[in-house]
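**Student:** Input structure: query_29.pdb, which contains PDB, C-alpha atoms, pLDDT in the B column.
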ATOM      1  CA  MET D   1     -35.450  86.723  45.330  1.00 49.00           C
ATOM      2  CA  LYS D   2     -35.505  90.156  43.806  1.00 48.00           C
ATOM      3  CA  LYS D   3     -38.179  91.019  46.289  1.00 49.00           C
ATOM      4  CA  LEU D   4     -35.972  89.796  49.179  1.00 44.00           C
ATOM      5  CA  VAL D   5     -33.004  91.844  47.963  1.00 42.00           C
ATOM      6  CA  LYS D   6     -35.241  94.874  47.634  1.00 48.00           C
ATOM      7  CA  ILE D   7     -36.606  94.432  51.179  1.00 50.00           C
ATOM      8  CA  THR D   8     -33.131  93.848  52.565  1.00 45.00           C
ATOM      9  CA  GLY D   9     -31.838  96.897  50.707  1.00 45.00           C
ATOM     10  CA  LEU D  10     -34.685  99.006  52.054  1.00 46.00           C
ATOM     11  CA  ALA D  11     -34.064  97.655  55.539  1.00 46.00           C
ATOM     12  CA  VAL D  12     -30.343  98.503  55.303  1.00 44.00           C
ATOM     13  CA  ILE D  13     -31.122 101.996  53.993  1.00 51.00           C
ATOM     14  CA  ALA D  14     -33.710 102.494  56.746  1.00 47.00           C
ATOM     15  CA  PHE D  15     -31.221 101.263  59.327  1.00 48.00           C
ATOM     16  CA  PHE D  16     -28.452 103.640  58.200  1.00 45.00           C
ATOM     17  CA  THR D  17     -30.903 106.501  57.872  1.00 46.00           C
ATOM     18  CA  ALA D  18     -32.065 105.893  61.436  1.00 47.00           C
ATOM     19  CA  ILE D  19     -28.468 105.845  62.652  1.00 48.00           C
ATOM     20  CA  LEU D  20     -27.685 109.055  60.803  1.00 47.00           C
ATOM     21  CA  LEU D  21     -30.796 110.766  62.128  1.00 49.00           C
ATOM     22  CA  LEU D  22     -30.127 109.652  65.689  1.00 53.00           C
ATOM     23  CA  GLY D  23     -26.431 110.530  65.410  1.00 54.00           C
ATOM     24  CA  CYS D  24     -27.166 114.005  64.110  1.00 52.00           C
ATOM     25  CA  GLY D  25     -29.825 114.628  66.679  1.00 51.00           C
ATOM     26  CA  THR D  26     -27.665 113.946  69.742  1.00 51.00           C
ATOM     27  CA  LYS D  27     -26.157 116.780  71.680  1.00 57.00           C
ATOM     28  CA  THR D  28     -22.892 116.749  73.542  1.00 56.00           C
ATOM     29  CA  ILE D  29     -23.295 118.238  76.980  1.00 62.00           C
ATOM     30  CA  ILE D  30     -20.217 119.433  78.774  1.00 63.00           C
ATOM     31  CA  LYS D  31     -20.725 120.054  82.423  1.00 67.00           C
ATOM     32  CA  GLU D  32     -18.096 121.938  84.377  1.00 68.00           C
ATOM     33  CA  VAL D  33     -17.355 120.435  87.733  1.00 66.00           C
ATOM     34  CA  SER D  34     -15.485 122.528  90.247  1.00 69.00           C
ATOM     35  CA  ALA D  35     -13.360 121.132  92.995  1.00 68.00           C
ATOM     36  CA  PRO D  36     -14.824 121.293  96.489  1.00 72.00           C
ATOM     37  CA  THR D  37     -13.890 124.434  98.377  1.00 73.00           C
ATOM     38  CA  THR D  38     -12.266 124.084 101.754  1.00 76.00           C
ATOM     39  CA  VAL D  39     -12.573 126.976 104.160  1.00 74.00           C
ATOM     40  CA  VAL D  40      -9.875 127.143 106.805  1.00 74.00           C
ATOM     41  CA  GLU D  41     -10.653 129.363 109.748  1.00 78.00           C
ATOM     42  CA  TYR D  42      -7.787 130.985 111.645  1.00 72.00           C
ATOM     43  CA  GLN D  43      -7.511 129.803 115.199  1.00 75.00           C
ATOM     44  CA  GLU D  44      -5.299 131.281 117.828  1.00 71.00           C
ATOM     45  CA  PRO D  45      -2.620 128.866 118.937  1.00 74.00           C
ATOM     46  CA  VAL D  46      -3.566 127.104 122.107  1.00 78.00           C
ATOM     47  CA  THR D  47      -1.331 128.025 125.012  1.00 86.00           C
ATOM     48  CA  ASN D  48      -1.498 127.461 128.707  1.00 94.00           C
ATOM     49  CA  LYS D  49      -0.824 129.786 131.612  1.00 97.00           C
ATOM     50  CA  TYR D  50       2.761 128.578 131.987  1.00 97.00           C
ATOM     51  CA  ASP D  51       3.578 129.224 128.326  1.00 97.00           C
ATOM     52  CA  ASP D  52       2.025 132.693 128.588  1.00 97.00           C
ATOM     53  CA  TYR D  53       3.926 133.429 131.805  1.00 97.00           C
ATOM     54  CA  TYR D  54       7.213 132.210 130.348  1.00 97.00           C
ATOM     55  CA  ALA D  55       6.735 134.287 127.179  1.00 97.00           C
ATOM     56  CA  HIS D  56       6.051 137.366 129.333  1.00 97.00           C
ATOM     57  CA  VAL D  57       9.230 136.879 131.351  1.00 98.00           C
ATOM     58  CA  LEU D  58      11.338 136.312 128.225  1.00 97.00           C
ATOM     59  CA  LYS D  59       9.877 139.428 126.616  1.00 97.00           C
ATOM     60  CA  ASN D  60      10.614 141.608 129.640  1.00 97.00           C
ATOM     61  CA  SER D  61      13.975 140.283 130.803  1.00 96.00           C
ATOM     62  CA  GLY D  62      17.108 139.632 128.819  1.00 94.00           C
ATOM     63  CA  GLN D  63      18.554 137.658 131.709  1.00 95.00           C
ATOM     64  CA  ALA D  64      15.670 135.179 131.556  1.00 95.00           C
ATOM     65  CA  ASN D  65      17.078 133.865 128.280  1.00 93.00           C
ATOM     66  CA  SER D  66      20.048 132.465 130.190  1.00 95.00           C
ATOM     67  CA  GLU D  67      17.828 130.521 132.601  1.00 95.00           C
ATOM     68  CA  SER D  68      16.074 127.231 131.890  1.00 96.00           C
ATOM     69  CA  LYS D  69      12.357 127.298 131.260  1.00 97.00           C
ATOM     70  CA  ALA D  70      11.815 125.002 134.239  1.00 97.00           C
ATOM     71  CA  ASP D  71      13.704 127.384 136.558  1.00 97.00           C
ATOM     72  CA  VAL D  72      11.775 130.426 135.321  1.00 97.00           C
ATOM     73  CA  ILE D  73       8.463 128.615 135.830  1.00 97.00           C
ATOM     74  CA  GLU D  74       9.510 127.420 139.283  1.00 98.00           C
ATOM     75  CA  PHE D  75      10.449 131.013 140.189  1.00 98.00           C
ATOM     76  CA  GLY D  76       6.953 132.178 139.219  1.00 98.00           C
ATOM     77  CA  ASP D  77       5.358 129.378 141.222  1.00 98.00           C
ATOM     78  CA  LEU D  78       7.411 130.458 144.257  1.00 97.00           C
ATOM     79  CA  VAL D  79       6.103 134.011 143.928  1.00 98.00           C
ATOM     80  CA  CYS D  80       2.522 132.699 143.922  1.00 98.00           C
ATOM     81  CA  GLN D  81       3.231 130.389 146.867  1.00 98.00           C
ATOM     82  CA  SER D  82       4.655 133.303 148.816  1.00 98.00           C
ATOM     83  CA  LEU D  83       1.518 135.368 148.131  1.00 98.00           C
ATOM     84  CA  ASP D  84      -0.670 132.364 149.012  1.00 98.00           C
ATOM     85  CA  ALA D  85       1.178 132.163 152.345  1.00 97.00           C
ATOM     86  CA  GLY D  86      -0.025 135.682 153.165  1.00 97.00           C
ATOM     87  CA  ASN D  87       2.917 137.780 152.079  1.00 97.00           C
ATOM     88  CA  SER D  88       2.101 141.078 150.399  1.00 97.00           C
ATOM     89  CA  VAL D  89       3.296 142.061 146.929  1.00 97.00           C
ATOM     90  CA  GLN D  90       5.399 144.755 148.625  1.00 97.00           C
ATOM     91  CA  LYS D  91       7.092 142.153 150.833  1.00 97.00           C
ATOM     92  CA  VAL D  92       7.849 139.860 147.861  1.00 97.00           C
ATOM     93  CA  VAL D  93       9.282 142.794 145.878  1.00 97.00           C
ATOM     94  CA  ALA D  94      11.415 143.900 148.837  1.00 96.00           C
ATOM     95  CA  LEU D  95      12.761 140.388 149.368  1.00 96.00           C
ATOM     96  CA  LEU D  96      13.719 139.924 145.729  1.00 96.00           C
ATOM     97  CA  ASN D  97      15.235 143.415 145.520  1.00 95.00           C
ATOM     98  CA  SER D  98      17.466 142.522 148.473  1.00 96.00           C
ATOM     99  CA  TYR D  99      19.020 139.800 146.295  1.00 95.00           C
ATOM    100  CA  ALA D 100      19.414 141.983 143.213  1.00 95.00           C
ATOM    101  CA  GLU D 101      22.993 142.810 142.308  1.00 96.00           C
ATOM    102  CA  SER D 102      22.325 144.538 138.996  1.00 96.00           C
ATOM    103  CA  THR D 103      19.686 146.240 136.895  1.00 96.00           C
ATOM    104  CA  SER D 104      19.400 142.988 134.966  1.00 96.00           C
ATOM    105  CA  ASP D 105      18.493 141.152 138.185  1.00 96.00           C
ATOM    106  CA  ARG D 106      15.815 143.759 139.020  1.00 96.00           C
ATOM    107  CA  GLU D 107      14.346 143.459 135.497  1.00 97.00           C
ATOM    108  CA  LEU D 108      14.183 139.679 135.851  1.00 97.00           C
ATOM    109  CA  TYR D 109      12.515 139.872 139.269  1.00 97.00           C
ATOM    110  CA  ALA D 110      10.003 142.473 138.065  1.00 97.00           C
ATOM    111  CA  ALA D 111       9.150 140.328 135.026  1.00 98.00           C
ATOM    112  CA  VAL D 112       8.751 137.233 137.201  1.00 98.00           C
ATOM    113  CA  ILE D 113       6.533 138.990 139.768  1.00 98.00           C
ATOM    114  CA  THR D 114       4.270 140.698 137.219  1.00 98.00           C
ATOM    115  CA  GLY D 115       4.131 137.625 134.962  1.00 98.00           C
ATOM    116  CA  ALA D 116       3.383 135.291 137.861  1.00 98.00           C
ATOM    117  CA  ILE D 117       0.526 137.483 139.074  1.00 98.00           C
ATOM    118  CA  MET D 118      -0.842 138.073 135.565  1.00 97.00           C
ATOM    119  CA  TYR D 119      -0.756 134.439 134.432  1.00 98.00           C
ATOM    120  CA  LEU D 120      -0.178 132.013 137.318  1.00 98.00           C
ATOM    121  CA  CYS D 121      -2.062 133.568 140.226  1.00 98.00           C
ATOM    122  CA  PRO D 122      -4.301 136.299 138.811  1.00 97.00           C
ATOM    123  CA  GLU D 123      -6.255 136.498 142.050  1.00 98.00           C
ATOM    124  CA  TYR D 124      -3.486 138.891 143.205  1.00 98.00           C
ATOM    125  CA  ASN D 125      -3.905 141.346 140.296  1.00 97.00           C
ATOM    126  CA  GLY D 126      -5.704 143.816 142.564  1.00 96.00           C
ATOM    127  CA  ASP D 127      -2.862 143.654 145.097  1.00 97.00           C
ATOM    128  CA  LEU D 128      -0.327 144.284 142.332  1.00 96.00           C
ATOM    129  CA  GLN D 129      -2.294 147.290 141.048  1.00 96.00           C
ATOM    130  CA  ASN D 130      -2.501 148.707 144.592  1.00 95.00           C
ATOM    131  CA  TYR D 131       1.265 148.260 145.004  1.00 93.00           C
ATOM    132  CA  LEU D 132       1.997 149.950 141.674  1.00 93.00           C
ATOM    133  CA  GLU D 133      -0.317 152.888 142.454  1.00 93.00           C
ATOM    134  CA  ALA D 134       1.169 153.480 145.928  1.00 85.00           C
TER     135      ALA D 134
END
Translate the structure of the given file into structure tokens.

**Tutor:**
Amino acid sequence: MKKLVKITGLAVIAFFTAILLLGCGTKTIIKEVSAPTTVVEYQEPVTNKYDDYYAHVLKNSGQANSESKADVIEFGDLVCQSLDAGNSVQKVVALLNSYAESTSDRELYAAVITGAIMYLCPEYNGDLQNYLEA
């Protein structure tokens, strides 16, 4: 029995020694983990030719602010339709000037004509440049 107690005691001591040796020999590893990086690229807002035309008219005519967007766009479409029908830029300008009663009217008409040609029917840009240079 003494022999059994001795063996058990040695086994217990060996067991605790092994635990102590293993416990002391372990290393704690701390790994830093960073959050994923998101890259956001700037993109120009998407607009269409009617938004660009309308913004041009608003920028160049105070009177345009008192008109509805639909009316301003329709006015620009009429300018393009008139040019499509064979009228010259000079003829369209003369017609609109005949209706002008104030400087504000002339500014609106000029903004509509230039904006319509720049954004809605750019195929007439050359005609506009020729008119402006004459």

**Student:** Pick from D:Val112, D:Ala55, D:Val92, D:Tyr124: nearest to D:Glu74, with all atoms listed in the file counted?

**Tutor:**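 That would be D:Val112, the residue with the smallest distance to D:Glu74.
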
**Student:** To one decimal place, how far is atom CA of D:Leu96 from atom CA of D:Asn48 in Å?

**Tutor:**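 About the pair atom CA of D:Leu96 and atom CA of D:Asn48: they are 26.0 Å apart.
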
**Student:** Hey, which of D:Ser102, D:Gln63, D:Glu107, D:Cys121 ends up closest to D:Asp84? Count all atoms listed in the file.

**Tutor:**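 Once distances to D:Asp84 are computed over all atoms listed in the file, the minimum belongs to D:Cys121.
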
**Student:** One number please: atom CA of D:Ala110 to atom CA of D:Glu44, in Å, one decimal.

**Tutor:**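 Answer for the atom CA of D:Ala110 to atom CA of D:Glu44 separation: 27.7 Å.
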
**Student:** For stretch 66-76 of chain D, what centre and edge lengths in Å (one decimal) does the axis-aligned box get once 4 Å is added on each side of all its listed atoms, as JSON?

**Tutor:**
{"center_x": 13.5, "center_y": 128.7, "center_z": 135.2, "size_x": 21.1, "size_y": 15.5, "size_z": 18.0}

**Student:** Evaluate the PyMOL selection byres ((chain D and resi 128) around 12) here and jot the selected residues down as a ChimeraX atom specification.

**Tutor:** /D:83,88-93,110,113-118,121-127,129-134

**Student:** Report, in Å with one decimal, the straight-line distance from atom CA of D:Ile73 to atom CA of D:Arg106.

**Tutor:**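 The value is 17.1 Å.
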
**Student:** Could you check the closest approach to D:Glu67 for each of D:Leu108, D:Leu120, D:Asp52, D:Val39 and tell me which residue wins, using all atoms listed in the file?

**Tutor:**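 That would be D:Leu108, the residue with the smallest distance to D:Glu67.
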
**Student:** Of the candidates D:Pro36, D:Ala70, D:Ala111, D:Ser104, which shows the shortest atom-to-atom distance to D:Tyr50, using all atoms listed in the file?

**Tutor:**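 Of the candidates, the smallest distance to D:Tyr50 is held by D:Ala70.
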
**Student:** Out of D:Tyr109, D:Ala100, D:Tyr119, D:Gly76, which residue has the shortest atom-to-atom distance to D:Gly62 when counting only C-alpha atoms?

**Tutor:**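 That would be D:Tyr109, the residue with the smallest distance to D:Gly62.
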